[in-house]
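Let me begin by presenting the structure, written as structure tokens, before commenting on it.
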Amino acid sequence: MAKETIVIIGNGISGVTAARHIRKLSDNRIIIISAESEYFFSRTALMYVYMGHMKFEHTQPYENWFWKKNRIELVNGYVTWVDHASKKVLLKNTEEIPYDKLIIATGSKPNKFGWPGQDLKGVQGLYSKQELEQLEIDAPNKEVCKRAVIVGGGLIGIELAEMLRSRDIPVTFLVRESSFWNGVLPEGESQMINEHILEHHIDLRLSTNLVEILPDDNGKAKAVVTDKGDIIECNLVGLTPGVTPNVDFLKESGIELGRGIKVNRFLETNIPDIYGIGDCAEQHEPIGQRRPIEAVWYTGRMMGETVAQTICGNRIEYKPGHWFNSAKFLDIEYQTYGWVFSDKSKKPNEAHFHWRHPRELVCITMAYDSKTRKFLGINTFGIRMRHEIFDRWLTDGQSIDHVMEFLKDANFDPEFYAQYEGAIVARYNAELGTSILPRKKSWKRIFLNVQS
């Protein structure tokens, strides 16, 4: 195969994974273009830089010499235009870079909804390296930032709240829903997170919307107005109502767009030799029950691996497998495997079993088919579970009774952590009239079965 020039726009997890795997598979020339940072960094680690747990250079998985050694060229620049007819991209500085194949991996950008004052100084999201740097300027301590207001009750919002509270900065948290993240979490879990937020001395205001951000005489945010009529004085406004694909520069390119870049199962766009991967890619049709756009780290990595195979002559379909994710709500670790919908009434025959510890912030919710008892998914809070075990149970179509019987196999907590399986199964037996006895198989046998 003749040597080709592969241009990748975006140096996040998707673009960098694609570059690494293309290099493993070929001698093609690889160029990564990014306007955000010179080197790839872990975006999910930004909060820990602000909290003092690490320095920014610690978020870079590869040494600076890695790129030259692996013949991956890095271009610091902003792409303004993709000319697919001439097969080249145009940078803001007017430089043109030709390509044989183009991978667009430009990720997401924070949502804005036209609020008056949303572009004032002191108003920002928490997505990019530049936003982290701005946060250090606007909220270095509680003397400079006497109060922050966060708008939007998702994962980025609660991360920003935790960051600011680590420096004792008072935080008011505006959440439009009646309970935190209740569009994703079932009621019992959402209520537990509400309690946990309040325990961290965060002023949580549910069912509350932002109306306007007020400026001071220097054009900096000084207060917000809510739909309850409250005026909350603040020095920082964090806008965290989700993200949207970063594709505005492609609107006149001829590449088909929806909310993101429209791609097929092979991550190909409507233009030959142009691919879309990561947060900015939108499937024409959802894969199973997954959303057409998934702003998730591990799916971005999988797309990078997949597109590298296709570009290097092994055209394969993107298959993300069973849904899973993990996050942290302040001190509570969260994992989900399979599907547990917040409103089970919208899914035929879906039933939930919920257990919560009477004193600790620990709970699980399992979803199952009420007619067949087939296991559909699990959410866990405060208990670590083994991904490979649940992946196998979902693939094998196991029943919830089987999952309960061997739940101990899935526990991933260290040896001296509290174990909750006995209490969970006892509650399950009481509620569903079963007589399951929790037991454990040989872990070595389970591991070998999973790998087979």
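Ordered as shown in the structure tokens, chains take letters A, B, and onward, while each chain numbers its residues from 1 and ligands are numbered from 1 in the order shown.
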Please produce, as a tab-separated table, a per-residue contact table for region 32-117 of chain A versus region 219-234 of chain A (criterion: any atom at most 12 Å away, only C-alpha atoms considered), showing the nearest atom pair and its distance in Å to one decimal, sorted by chain then residue number.
```
residue	atom	partner	partner_atom	distance
A:Trp115	CA	A:Val224	CA	10.5
A:Pro116	CA	A:Val224	CA	10.0
A:Gly117	CA	A:Ala221	CA	7.6
```
Which residues come within 9 Å of region 154-158 of chain A, counting only C-alpha atoms, excluding same-chain residues fewer than 2 positions away, as a PDB file with C-alpha atoms, in the first residue's frame?
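Done, and the output landed in around01.pdb:
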```pdb
ATOM      1  CA  GLY A 125     -17.403  26.477  31.386  1.00  0.00           C
ATOM      2  CA  LEU A 126     -15.019  23.718  32.451  1.00  0.00           C
ATOM      3  CA  TYR A 127     -13.935  21.794  29.393  1.00  0.00           C
ATOM      4  CA  ILE A 150     -22.895  27.053  38.883  1.00  0.00           C
ATOM      5  CA  VAL A 151     -25.655  26.586  36.305  1.00  0.00           C
ATOM      6  CA  GLY A 152     -26.457  23.044  35.163  1.00  0.00           C
ATOM      7  CA  LEU A 160     -16.713  22.315  39.308  1.00  0.00           C
ATOM      8  CA  ALA A 161     -18.557  22.572  42.628  1.00  0.00           C
ATOM      9  CA  GLU A 162     -16.116  20.119  44.221  1.00  0.00           C
ATOM     10  CA  MET A 163     -13.148  22.052  42.824  1.00  0.00           C
ATOM     11  CA  PHE A 173     -25.748  25.317  42.430  1.00  0.00           C
ATOM     12  CA  VAL A 175     -30.384  22.841  38.817  1.00  0.00           C
ATOM     13  CA  PHE A 180     -30.132  16.238  40.699  1.00  0.00           C
ATOM     14  CA  TRP A 181     -29.553  14.412  37.374  1.00  0.00           C
ATOM     15  CA  ILE A 197     -24.334  17.786  47.811  1.00  0.00           C
ATOM     16  CA  GLY A 238     -19.869  28.425  35.844  1.00  0.00           C
ATOM     17  CA  LEU A 239     -22.017  27.431  32.869  1.00  0.00           C
ATOM     18  CA  THR A 240     -22.166  23.629  32.841  1.00  0.00           C
ATOM     19  CA  PRO A 241     -25.466  22.689  31.138  1.00  0.00           C
ATOM     20  CA  GLY A 242     -23.876  19.983  29.024  1.00  0.00           C
ATOM     21  CA  ALA A 327     -17.967   8.897  37.554  1.00  0.00           C
ATOM     22  CA  LYS A 328     -17.594  10.412  40.979  1.00  0.00           C
ATOM     23  CA  PHE A 329     -20.132  12.540  42.842  1.00  0.00           C
ATOM     24  CA  LEU A 330     -17.918  14.285  45.401  1.00  0.00           C
TER      25      LEU A 330
END
```
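Note that the spacing between CA of Ser370 (chain A) and CA of Gln335 (chain A) amounts to 23.0 Å.
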key: Counting only C-alpha atoms, the residue of A:Phe390, A:Tyr48, A:Phe266, A:Phe353 that sits nearest Glu317 (chain A)   = A:Phe266
ask   = Which residue out of A:Ser345, A:Ala18, A:Pro414, A:Phe375 has the minimum interatomic distance to Thr395 (chain A) when only C-alpha atoms are used?
value = A:Phe375
